[in-house]
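The file work09.tsv contains TSV, N, CA and C atoms and all ligand atoms:
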```tsv
chain	number	residue	atom	x	y	z
A	1	ALA	N	95.89	95.67	81.86
A	1	ALA	CA	96.99	94.79	82.27
A	1	ALA	C	96.65	94.12	83.59
A	2	LYS	N	97.23	92.98	83.78
A	2	LYS	CA	97.04	92.24	85.02
A	2	LYS	C	98.13	92.67	86.00
A	3	ILE	N	97.71	93.09	87.19
A	3	ILE	CA	98.67	93.54	88.20
A	3	ILE	C	98.39	92.79	89.49
A	4	ILE	N	99.44	92.16	90.01
A	4	ILE	CA	99.27	91.29	91.17
A	4	ILE	C	99.87	91.95	92.42
A	5	PHE	N	99.06	92.01	93.48
A	5	PHE	CA	99.53	92.57	94.75
A	5	PHE	C	99.65	91.45	95.77
A	6	VAL	N	100.71	91.51	96.57
A	6	VAL	CA	100.83	90.59	97.71
A	6	VAL	C	100.87	91.45	98.96
A	7	THR	N	99.91	91.22	99.86
A	7	THR	CA	99.84	92.06	101.07
A	7	THR	C	100.78	91.53	102.14
A	8	LYS	N	100.90	92.29	103.21
A	8	LYS	CA	101.72	91.89	104.37
A	8	LYS	C	101.24	90.58	104.97
A	9	ASP	N	99.93	90.30	104.86
A	9	ASP	CA	99.39	89.04	105.39
A	9	ASP	C	99.56	87.90	104.40
A	10	ASN	N	100.29	88.17	103.33
A	10	ASN	CA	100.52	87.18	102.29
A	10	ASN	C	99.29	86.81	101.47
A	11	ASP	N	98.34	87.71	101.40
A	11	ASP	CA	97.21	87.52	100.49
A	11	ASP	C	97.63	87.97	99.11
A	12	THR	N	97.26	87.19	98.10
A	12	THR	CA	97.56	87.58	96.73
A	12	THR	C	96.29	88.08	96.09
A	13	ILE	N	96.33	89.30	95.57
A	13	ILE	CA	95.16	89.88	94.93
A	13	ILE	C	95.52	90.22	93.49
A	14	THR	N	94.83	89.58	92.57
A	14	THR	CA	95.10	89.83	91.16
A	14	THR	C	94.09	90.83	90.65
A	15	THR	N	94.57	91.92	90.09
A	15	THR	CA	93.67	92.97	89.60
A	15	THR	C	93.89	93.16	88.11
A	16	GLU	N	92.96	93.88	87.52
A	16	GLU	CA	93.00	94.11	86.09
A	16	GLU	C	92.68	95.58	85.87
A	17	GLY	N	93.55	96.28	85.18
A	17	GLY	CA	93.28	97.69	84.98
A	17	GLY	C	93.77	98.16	83.62
A	18	THR	N	93.21	99.29	83.18
A	18	THR	CA	93.64	99.84	81.89
A	18	THR	C	94.12	101.28	82.00
A	19	THR	N	93.55	102.03	82.96
A	19	THR	CA	93.94	103.44	83.09
A	19	THR	C	94.17	103.81	84.54
A	20	GLY	N	94.64	105.02	84.76
A	20	GLY	CA	94.85	105.53	86.11
A	20	GLY	C	96.18	105.06	86.66
A	21	SER	N	96.32	105.20	87.99
A	21	SER	CA	97.59	104.80	88.60
A	21	SER	C	97.41	103.45	89.29
A	22	VAL	N	98.53	102.82	89.58
A	22	VAL	CA	98.51	101.53	90.28
A	22	VAL	C	97.91	101.70	91.68
A	23	MET	N	98.16	102.85	92.31
A	23	MET	CA	97.55	103.11	93.63
A	23	MET	C	96.03	103.10	93.52
A	24	GLU	N	95.48	103.79	92.51
A	24	GLU	CA	94.02	103.83	92.35
A	24	GLU	C	93.45	102.43	92.13
A	25	LEU	N	94.16	101.65	91.34
A	25	LEU	CA	93.72	100.29	91.08
A	25	LEU	C	93.69	99.49	92.38
A	26	ALA	N	94.71	99.65	93.21
A	26	ALA	CA	94.79	98.94	94.48
A	26	ALA	C	93.65	99.36	95.41
A	27	VAL	N	93.38	100.66	95.47
A	27	VAL	CA	92.32	101.16	96.35
A	27	VAL	C	90.96	100.62	95.88
A	28	GLN	N	90.72	100.65	94.56
A	28	GLN	CA	89.46	100.13	94.00
A	28	GLN	C	89.28	98.67	94.36
A	29	ASN	N	90.37	97.93	94.42
A	29	ASN	CA	90.30	96.50	94.71
A	29	ASN	C	90.51	96.20	96.19
A	30	LYS	N	90.52	97.26	97.01
A	30	LYS	CA	90.64	97.12	98.46
A	30	LYS	C	91.87	96.32	98.88
A	31	VAL	N	92.97	96.59	98.24
A	31	VAL	CA	94.22	95.92	98.60
A	31	VAL	C	94.68	96.50	99.95
A	32	LYS	N	94.79	95.63	100.93
A	32	LYS	CA	95.16	96.06	102.28
A	32	LYS	C	96.57	96.66	102.31
A	33	GLY	N	96.68	97.81	102.96
A	33	GLY	CA	98.00	98.41	103.10
A	33	GLY	C	98.29	99.50	102.09
A	34	ILE	N	97.43	99.62	101.08
A	34	ILE	CA	97.57	100.72	100.12
A	34	ILE	C	96.45	101.71	100.40
A	35	GLU	N	96.83	102.86	100.90
A	35	GLU	CA	95.80	103.81	101.30
A	35	GLU	C	95.67	105.01	100.36
A	36	GLY	N	96.78	105.47	99.85
A	36	GLY	CA	96.69	106.61	98.95
A	36	GLY	C	96.16	107.86	99.61
A	37	ASN	N	96.61	108.11	100.83
A	37	ASN	CA	96.08	109.23	101.61
A	37	ASN	C	96.20	110.59	100.95
A	38	CYS	N	97.25	110.80	100.19
A	38	CYS	CA	97.44	112.14	99.60
A	38	CYS	C	96.71	112.27	98.27
A	39	GLY	N	96.04	111.21	97.84
A	39	GLY	CA	95.30	111.27	96.58
A	39	GLY	C	96.18	111.11	95.36
A	40	GLY	N	97.40	110.67	95.57
A	40	GLY	CA	98.26	110.35	94.44
A	40	GLY	C	99.20	111.45	94.00
A	41	VAL	N	99.51	112.36	94.92
A	41	VAL	CA	100.41	113.45	94.53
A	41	VAL	C	101.82	113.30	95.12
A	42	CYS	N	102.18	112.06	95.44
A	42	CYS	CA	103.56	111.77	95.84
A	42	CYS	C	103.96	112.46	97.15
A	43	SER	N	103.03	112.56	98.10
A	43	SER	CA	103.44	113.22	99.34
A	43	SER	C	103.02	112.51	100.62
A	44	CYS	N	102.68	111.21	100.55
A	44	CYS	CA	102.31	110.53	101.80
A	44	CYS	C	103.02	109.20	102.00
A	45	ALA	N	103.37	108.53	100.92
A	45	ALA	CA	104.02	107.21	100.97
A	45	ALA	C	103.14	106.10	101.55
A	46	THR	N	101.81	106.31	101.61
A	46	THR	CA	100.93	105.22	102.03
A	46	THR	C	100.54	104.32	100.85
A	47	CYS	N	101.24	104.49	99.76
A	47	CYS	CA	100.99	103.64	98.58
A	47	CYS	C	102.27	102.89	98.21
A	48	HIS	N	103.18	102.77	99.18
A	48	HIS	CA	104.50	102.18	98.96
A	48	HIS	C	104.42	100.68	98.63
A	49	VAL	N	105.10	100.29	97.57
A	49	VAL	CA	105.19	98.87	97.20
A	49	VAL	C	106.65	98.52	96.89
A	50	HIS	N	106.95	97.23	97.05
A	50	HIS	CA	108.24	96.71	96.60
A	50	HIS	C	107.97	95.92	95.32
A	51	VAL	N	108.57	96.34	94.25
A	51	VAL	CA	108.38	95.68	92.96
A	51	VAL	C	109.23	94.40	92.98
A	52	SER	N	108.69	93.31	92.44
A	52	SER	CA	109.54	92.11	92.42
A	52	SER	C	110.70	92.39	91.47
A	53	PRO	N	111.92	91.98	91.87
A	53	PRO	CA	113.12	92.35	91.11
A	53	PRO	C	113.02	92.05	89.61
A	54	GLU	N	112.40	90.93	89.26
A	54	GLU	CA	112.32	90.59	87.83
A	54	GLU	C	111.33	91.48	87.06
A	55	ASP	N	110.54	92.25	87.78
A	55	ASP	CA	109.59	93.16	87.13
A	55	ASP	C	110.07	94.62	87.13
A	56	TRP	N	111.24	94.84	87.69
A	56	TRP	CA	111.73	96.21	87.85
A	56	TRP	C	111.80	96.97	86.54
A	57	GLU	N	112.14	96.25	85.47
A	57	GLU	CA	112.22	96.90	84.16
A	57	GLU	C	110.87	97.38	83.67
A	58	LYS	N	109.82	96.70	84.08
A	58	LYS	CA	108.47	97.09	83.64
A	58	LYS	C	108.04	98.39	84.31
A	59	THR	N	108.33	98.52	85.60
A	59	THR	CA	107.87	99.72	86.31
A	59	THR	C	108.86	100.87	86.14
A	60	GLY	N	110.13	100.54	86.05
A	60	GLY	CA	111.15	101.59	85.97
A	60	GLY	C	111.46	102.14	87.35
A	61	ALA	N	112.41	103.01	87.41
A	61	ALA	CA	112.89	103.57	88.67
A	61	ALA	C	112.07	104.79	89.07
A	62	PRO	N	112.10	105.12	90.37
A	62	PRO	CA	111.37	106.30	90.83
A	62	PRO	C	111.98	107.61	90.34
A	63	SER	N	111.15	108.63	90.26
A	63	SER	CA	111.65	109.96	89.94
A	63	SER	C	112.39	110.51	91.16
A	64	GLU	N	113.02	111.65	90.99
A	64	GLU	CA	113.77	112.25	92.09
A	64	GLU	C	112.84	112.63	93.26
A	65	LEU	N	111.72	113.23	92.91
A	65	LEU	CA	110.73	113.63	93.92
A	65	LEU	C	110.24	112.41	94.70
A	66	GLU	N	109.99	111.34	93.95
A	66	GLU	CA	109.51	110.10	94.56
A	66	GLU	C	110.58	109.50	95.48
A	67	SER	N	111.82	109.48	95.03
A	67	SER	CA	112.91	108.96	95.87
A	67	SER	C	113.04	109.75	97.16
A	68	ASP	N	112.90	111.06	97.06
A	68	ASP	CA	112.99	111.90	98.26
A	68	ASP	C	111.91	111.52	99.26
A	69	MET	N	110.71	111.28	98.74
A	69	MET	CA	109.57	110.90	99.59
A	69	MET	C	109.83	109.53	100.22
A	70	LEU	N	110.35	108.61	99.45
A	70	LEU	CA	110.60	107.25	99.93
A	70	LEU	C	111.63	107.23	101.07
A	71	GLU	N	112.50	108.19	101.08
A	71	GLU	CA	113.52	108.23	102.13
A	71	GLU	C	112.92	108.37	103.53
A	72	PHE	N	111.69	108.86	103.61
A	72	PHE	CA	111.03	109.00	104.91
A	72	PHE	C	110.46	107.67	105.40
A	73	ASP	N	110.41	106.69	104.53
A	73	ASP	CA	109.84	105.40	104.90
A	73	ASP	C	110.96	104.48	105.36
A	74	ASP	N	110.83	103.91	106.56
A	74	ASP	CA	111.94	103.08	107.06
A	74	ASP	C	111.99	101.70	106.43
A	75	ASN	N	110.96	101.34	105.70
A	75	ASN	CA	110.92	100.01	105.08
A	75	ASN	C	111.33	100.07	103.60
A	76	VAL	N	112.13	101.05	103.25
A	76	VAL	CA	112.48	101.25	101.85
A	76	VAL	C	113.50	100.20	101.37
A	77	SER	N	113.36	99.77	100.12
A	77	SER	CA	114.31	98.82	99.55
A	77	SER	C	114.75	99.36	98.19
A	78	GLU	N	115.68	98.66	97.57
A	78	GLU	CA	116.12	99.14	96.25
A	78	GLU	C	115.04	98.96	95.19
A	79	TYR	N	113.98	98.23	95.54
A	79	TYR	CA	112.88	98.04	94.59
A	79	TYR	C	111.61	98.77	95.04
A	80	SER	N	111.78	99.78	95.84
A	80	SER	CA	110.63	100.55	96.32
A	80	SER	C	110.11	101.50	95.25
A	81	ARG	N	108.78	101.58	95.18
A	81	ARG	CA	108.12	102.61	94.36
A	81	ARG	C	106.89	103.09	95.10
A	82	LEU	N	106.47	104.30	94.79
A	82	LEU	CA	105.18	104.79	95.26
A	82	LEU	C	104.20	104.46	94.14
A	83	SER	N	103.21	103.63	94.47
A	83	SER	CA	102.37	103.10	93.39
A	83	SER	C	101.51	104.16	92.71
A	84	CYS	N	101.31	105.31	93.37
A	84	CYS	CA	100.54	106.37	92.69
A	84	CYS	C	101.35	106.98	91.55
A	85	GLN	N	102.64	106.73	91.56
A	85	GLN	CA	103.51	107.28	90.51
A	85	GLN	C	103.76	106.27	89.38
A	86	ILE	N	103.08	105.14	89.45
A	86	ILE	CA	103.19	104.15	88.36
A	86	ILE	C	101.88	104.16	87.60
A	87	LYS	N	101.96	104.41	86.32
A	87	LYS	CA	100.77	104.46	85.47
A	87	LYS	C	100.41	103.05	85.02
A	88	VAL	N	99.13	102.74	85.10
A	88	VAL	CA	98.68	101.44	84.59
A	88	VAL	C	98.77	101.45	83.07
A	89	SER	N	99.42	100.45	82.52
A	89	SER	CA	99.45	100.30	81.06
A	89	SER	C	99.72	98.84	80.74
A	90	GLU	N	99.54	98.47	79.50
A	90	GLU	CA	99.78	97.08	79.10
A	90	GLU	C	101.21	96.64	79.38
A	91	ALA	N	102.12	97.63	79.40
A	91	ALA	CA	103.54	97.31	79.64
A	91	ALA	C	103.75	96.69	81.02
A	92	LEU	N	102.79	96.90	81.92
A	92	LEU	CA	102.93	96.37	83.28
A	92	LEU	C	102.41	94.95	83.43
A	93	ASP	N	101.86	94.40	82.38
A	93	ASP	CA	101.15	93.13	82.49
A	93	ASP	C	101.96	92.06	83.24
A	94	GLY	N	101.32	91.49	84.27
A	94	GLY	CA	101.93	90.40	85.03
A	94	GLY	C	102.83	90.84	86.15
A	95	VAL	N	102.93	92.14	86.38
A	95	VAL	CA	103.84	92.67	87.38
A	95	VAL	C	103.39	92.25	88.80
A	96	LEU	N	104.36	91.94	89.65
A	96	LEU	CA	104.04	91.55	91.02
A	96	LEU	C	104.59	92.59	92.01
A	97	LEU	N	103.68	93.10	92.84
A	97	LEU	CA	104.04	94.18	93.76
A	97	LEU	C	103.76	93.74	95.20
A	98	LYS	N	104.75	93.88	96.05
A	98	LYS	CA	104.54	93.56	97.47
A	98	LYS	C	104.24	94.83	98.22
A	99	VAL	N	103.11	94.81	98.93
A	99	VAL	CA	102.71	95.99	99.68
A	99	VAL	C	103.67	96.17	100.85
A	100	ALA	N	104.15	97.41	101.03
A	100	ALA	CA	105.20	97.65	102.01
A	100	ALA	C	104.69	97.78	103.44
A	101	GLN	N	103.41	98.14	103.63
A	101	GLN	CA	102.93	98.27	104.99
A	101	GLN	C	101.54	97.65	105.18
B	1	LIG	FE1	100.40	109.52	98.50
B	1	LIG	FE2	101.20	107.82	96.61
B	1	LIG	S1	99.21	108.15	97.31
B	1	LIG	S2	102.40	109.15	97.80
```

Can I see the file as C-alpha cells?
Ligand code: FES
Amino acid sequence: AKIIFVTKDNDTITTEGTTGSVMELAVQNKVKGIEGNCGGVCSCATCHVHVSPEDWEKTGAPSELESDMLEFDDNVSEYSRLSCQIKVSEALDGVLLKVAQ
C-alpha cells in the first residue's frame, strides 16, 4: 500500500509497503520525526502521527493501551495514533499521516 507521511518541516514522503508496521516503514524510509525508540511495543510515543481525518476509517482508533500512552504526549489530537500499532496492509492505501514531532 502507498502510505504518505508529512513531516513537521512540511516534507511529503510517499512510501510503499506490504508488511510490518507503519513505524517500521517510516524508519526504513528515514521519515524525520519517527524514531520508534521502543522498537514498536507501544511504550515510547516517538512514532506518534496524526491521521488525516478523512483517512481515520482506514487506520481505525487506538487500543486502550495505545490511548494511555498517547496521554503522555502533549501534542495529542483526536486523530492521534502510534504508528507502530498500525499494521501495513492494502486497506491503508493512500493514507496520509502527519508526523507529530
Ligand atoms: Fe514506541 Fe511506537 S515505537 S510507541

List the spatial neighbours of A:Phe5 as JSON, numbers by chain - criterion: any atom at most 9 Å away, only C-alpha atoms, same-chain residues fewer than 3 positions off excluded. {"A": [11, 12, 13, 14, 15, 26, 31, 49, 95, 96, 97, 98, 99]}

Need the shell around A:Leu25: protein/DNA/RNA residues with any atom at most 12 Å away, counting only C-alpha atoms. Skip same-chain ones fewer than 3 positions apart. Format as number ranges by chain? A: 1-5, 13-22, 28-31, 34-36, 40, 47, 83-84, 86-89

Under the rule that only C-alpha atoms are counted, which of A:Leu82, A:Pro62, A:Ser67, A:Ala91 is the nearest residue to A:Gly39? A:Leu82

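Atom CA of A:Glu78 sits 17.5 Å away from atom C of A:Cys44.
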
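Proximity ranking of A:Ser80, A:Asp9, A:Ser63, A:Asp93 relative to A:Val51 places A:Ser80 first, based on all atoms listed in the file.
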
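Comparing A:Ala100, A:Val76, A:Leu65, A:Ala45 by their smallest distance to ligand LIG 1 (chain B), the closest is A:Ala45 (using all atoms listed in the file).
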
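Between atom CA of A:Thr59 and atom CA of A:Leu92 the interatomic distance comes to 6.7 Å.
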
Where in chain A does DSSP assign alpha helix (DSSP H), given as a PDB file with N, CA and C atoms, in the frame of the given file?
```
ATOM      1  N   VAL A  22      98.530 102.820  89.580  1.00  0.00           N
ATOM      2  CA  VAL A  22      98.510 101.530  90.280  1.00  0.00           C
ATOM      3  C   VAL A  22      97.910 101.700  91.680  1.00  0.00           C
ATOM      4  N   MET A  23      98.160 102.850  92.310  1.00  0.00           N
ATOM      5  CA  MET A  23      97.550 103.110  93.630  1.00  0.00           C
ATOM      6  C   MET A  23      96.030 103.100  93.520  1.00  0.00           C
ATOM      7  N   GLU A  24      95.480 103.790  92.510  1.00  0.00           N
ATOM      8  CA  GLU A  24      94.020 103.830  92.350  1.00  0.00           C
ATOM      9  C   GLU A  24      93.450 102.430  92.130  1.00  0.00           C
ATOM     10  N   LEU A  25      94.160 101.650  91.340  1.00  0.00           N
ATOM     11  CA  LEU A  25      93.720 100.290  91.080  1.00  0.00           C
ATOM     12  C   LEU A  25      93.690  99.490  92.380  1.00  0.00           C
ATOM     13  N   ALA A  26      94.710  99.650  93.210  1.00  0.00           N
ATOM     14  CA  ALA A  26      94.790  98.940  94.480  1.00  0.00           C
ATOM     15  C   ALA A  26      93.650  99.360  95.410  1.00  0.00           C
ATOM     16  N   VAL A  27      93.380 100.660  95.470  1.00  0.00           N
ATOM     17  CA  VAL A  27      92.320 101.160  96.350  1.00  0.00           C
ATOM     18  C   VAL A  27      90.960 100.620  95.880  1.00  0.00           C
ATOM     19  N   GLN A  28      90.720 100.650  94.560  1.00  0.00           N
ATOM     20  CA  GLN A  28      89.460 100.130  94.000  1.00  0.00           C
ATOM     21  C   GLN A  28      89.280  98.670  94.360  1.00  0.00           C
ATOM     22  N   TRP A  56     111.240  94.840  87.690  1.00  0.00           N
ATOM     23  CA  TRP A  56     111.730  96.210  87.850  1.00  0.00           C
ATOM     24  C   TRP A  56     111.800  96.970  86.540  1.00  0.00           C
ATOM     25  N   GLU A  57     112.140  96.250  85.470  1.00  0.00           N
ATOM     26  CA  GLU A  57     112.220  96.900  84.160  1.00  0.00           C
ATOM     27  C   GLU A  57     110.870  97.380  83.670  1.00  0.00           C
ATOM     28  N   LYS A  58     109.820  96.700  84.080  1.00  0.00           N
ATOM     29  CA  LYS A  58     108.470  97.090  83.640  1.00  0.00           C
ATOM     30  C   LYS A  58     108.040  98.390  84.310  1.00  0.00           C
ATOM     31  N   THR A  59     108.330  98.520  85.600  1.00  0.00           N
ATOM     32  CA  THR A  59     107.870  99.720  86.310  1.00  0.00           C
ATOM     33  C   THR A  59     108.860 100.870  86.140  1.00  0.00           C
ATOM     34  N   GLU A  64     113.020 111.650  90.990  1.00  0.00           N
ATOM     35  CA  GLU A  64     113.770 112.250  92.090  1.00  0.00           C
ATOM     36  C   GLU A  64     112.840 112.630  93.260  1.00  0.00           C
ATOM     37  N   LEU A  65     111.720 113.230  92.910  1.00  0.00           N
ATOM     38  CA  LEU A  65     110.730 113.630  93.920  1.00  0.00           C
ATOM     39  C   LEU A  65     110.240 112.410  94.700  1.00  0.00           C
ATOM     40  N   GLU A  66     109.990 111.340  93.950  1.00  0.00           N
ATOM     41  CA  GLU A  66     109.510 110.100  94.560  1.00  0.00           C
ATOM     42  C   GLU A  66     110.580 109.500  95.480  1.00  0.00           C
ATOM     43  N   SER A  67     111.820 109.480  95.030  1.00  0.00           N
ATOM     44  CA  SER A  67     112.910 108.960  95.870  1.00  0.00           C
ATOM     45  C   SER A  67     113.040 109.750  97.160  1.00  0.00           C
ATOM     46  N   ASP A  68     112.900 111.060  97.060  1.00  0.00           N
ATOM     47  CA  ASP A  68     112.990 111.900  98.260  1.00  0.00           C
ATOM     48  C   ASP A  68     111.910 111.520  99.260  1.00  0.00           C
ATOM     49  N   MET A  69     110.710 111.280  98.740  1.00  0.00           N
ATOM     50  CA  MET A  69     109.570 110.900  99.590  1.00  0.00           C
ATOM     51  C   MET A  69     109.830 109.530 100.220  1.00  0.00           C
ATOM     52  N   LEU A  70     110.350 108.610  99.450  1.00  0.00           N
ATOM     53  CA  LEU A  70     110.600 107.250  99.930  1.00  0.00           C
ATOM     54  C   LEU A  70     111.630 107.230 101.070  1.00  0.00           C
TER      55      LEU A  70
END
```

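Of note, atom CA of A:Glu54 and atom CA of A:Cys38 are spaced 28.7 Å apart.
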
Closest of A:Val6, A:Asp74, A:Gln85, A:Trp56 to ligand LIG 1 (chain B) - atom-to-atom distances counting only N, CA and C atoms and all ligand atoms: A:Gln85

Please list as a PDB file with N, CA and C atoms, in the frame of the given file every residue within 6.5 Å of A:Gln101, counting all atoms listed in the file and excluding residues in the same chain fewer than 4 positions away.
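That gives us around17.pdb:
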```pdb
ATOM      1  N   LYS A   8     100.900  92.290 103.210  1.00  0.00           N
ATOM      2  CA  LYS A   8     101.720  91.890 104.370  1.00  0.00           C
ATOM      3  C   LYS A   8     101.240  90.580 104.970  1.00  0.00           C
ATOM      4  N   LYS A  32      94.790  95.630 100.930  1.00  0.00           N
ATOM      5  CA  LYS A  32      95.160  96.060 102.280  1.00  0.00           C
ATOM      6  C   LYS A  32      96.570  96.660 102.310  1.00  0.00           C
ATOM      7  N   GLY A  33      96.680  97.810 102.960  1.00  0.00           N
ATOM      8  CA  GLY A  33      98.000  98.410 103.100  1.00  0.00           C
ATOM      9  C   GLY A  33      98.290  99.500 102.090  1.00  0.00           C
ATOM     10  N   ILE A  34      97.430  99.620 101.080  1.00  0.00           N
ATOM     11  CA  ILE A  34      97.570 100.720 100.120  1.00  0.00           C
ATOM     12  C   ILE A  34      96.450 101.710 100.400  1.00  0.00           C
ATOM     13  N   HIS A  48     103.180 102.770  99.180  1.00  0.00           N
ATOM     14  CA  HIS A  48     104.500 102.180  98.960  1.00  0.00           C
ATOM     15  C   HIS A  48     104.420 100.680  98.630  1.00  0.00           C
TER      16      HIS A  48
END
```

Hey, could you pull the box centre and edge lengths for ligand LIG 1 (chain B), axis-aligned, 8 Å padding per side, all listed atoms, to one decimal in Å, as AutoDock Vina command-line options?
```
--center_x 100.8 --center_y 108.7 --center_z 97.6 --size_x 19.2 --size_y 17.7 --size_z 17.9
```

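Using only N, CA and C atoms and all ligand atoms, the shortest contact distance between ligand LIG 1 (chain B) and any of A:Asn10, A:Glu71, A:Asn37, A:Val27 is found at A:Asn37.
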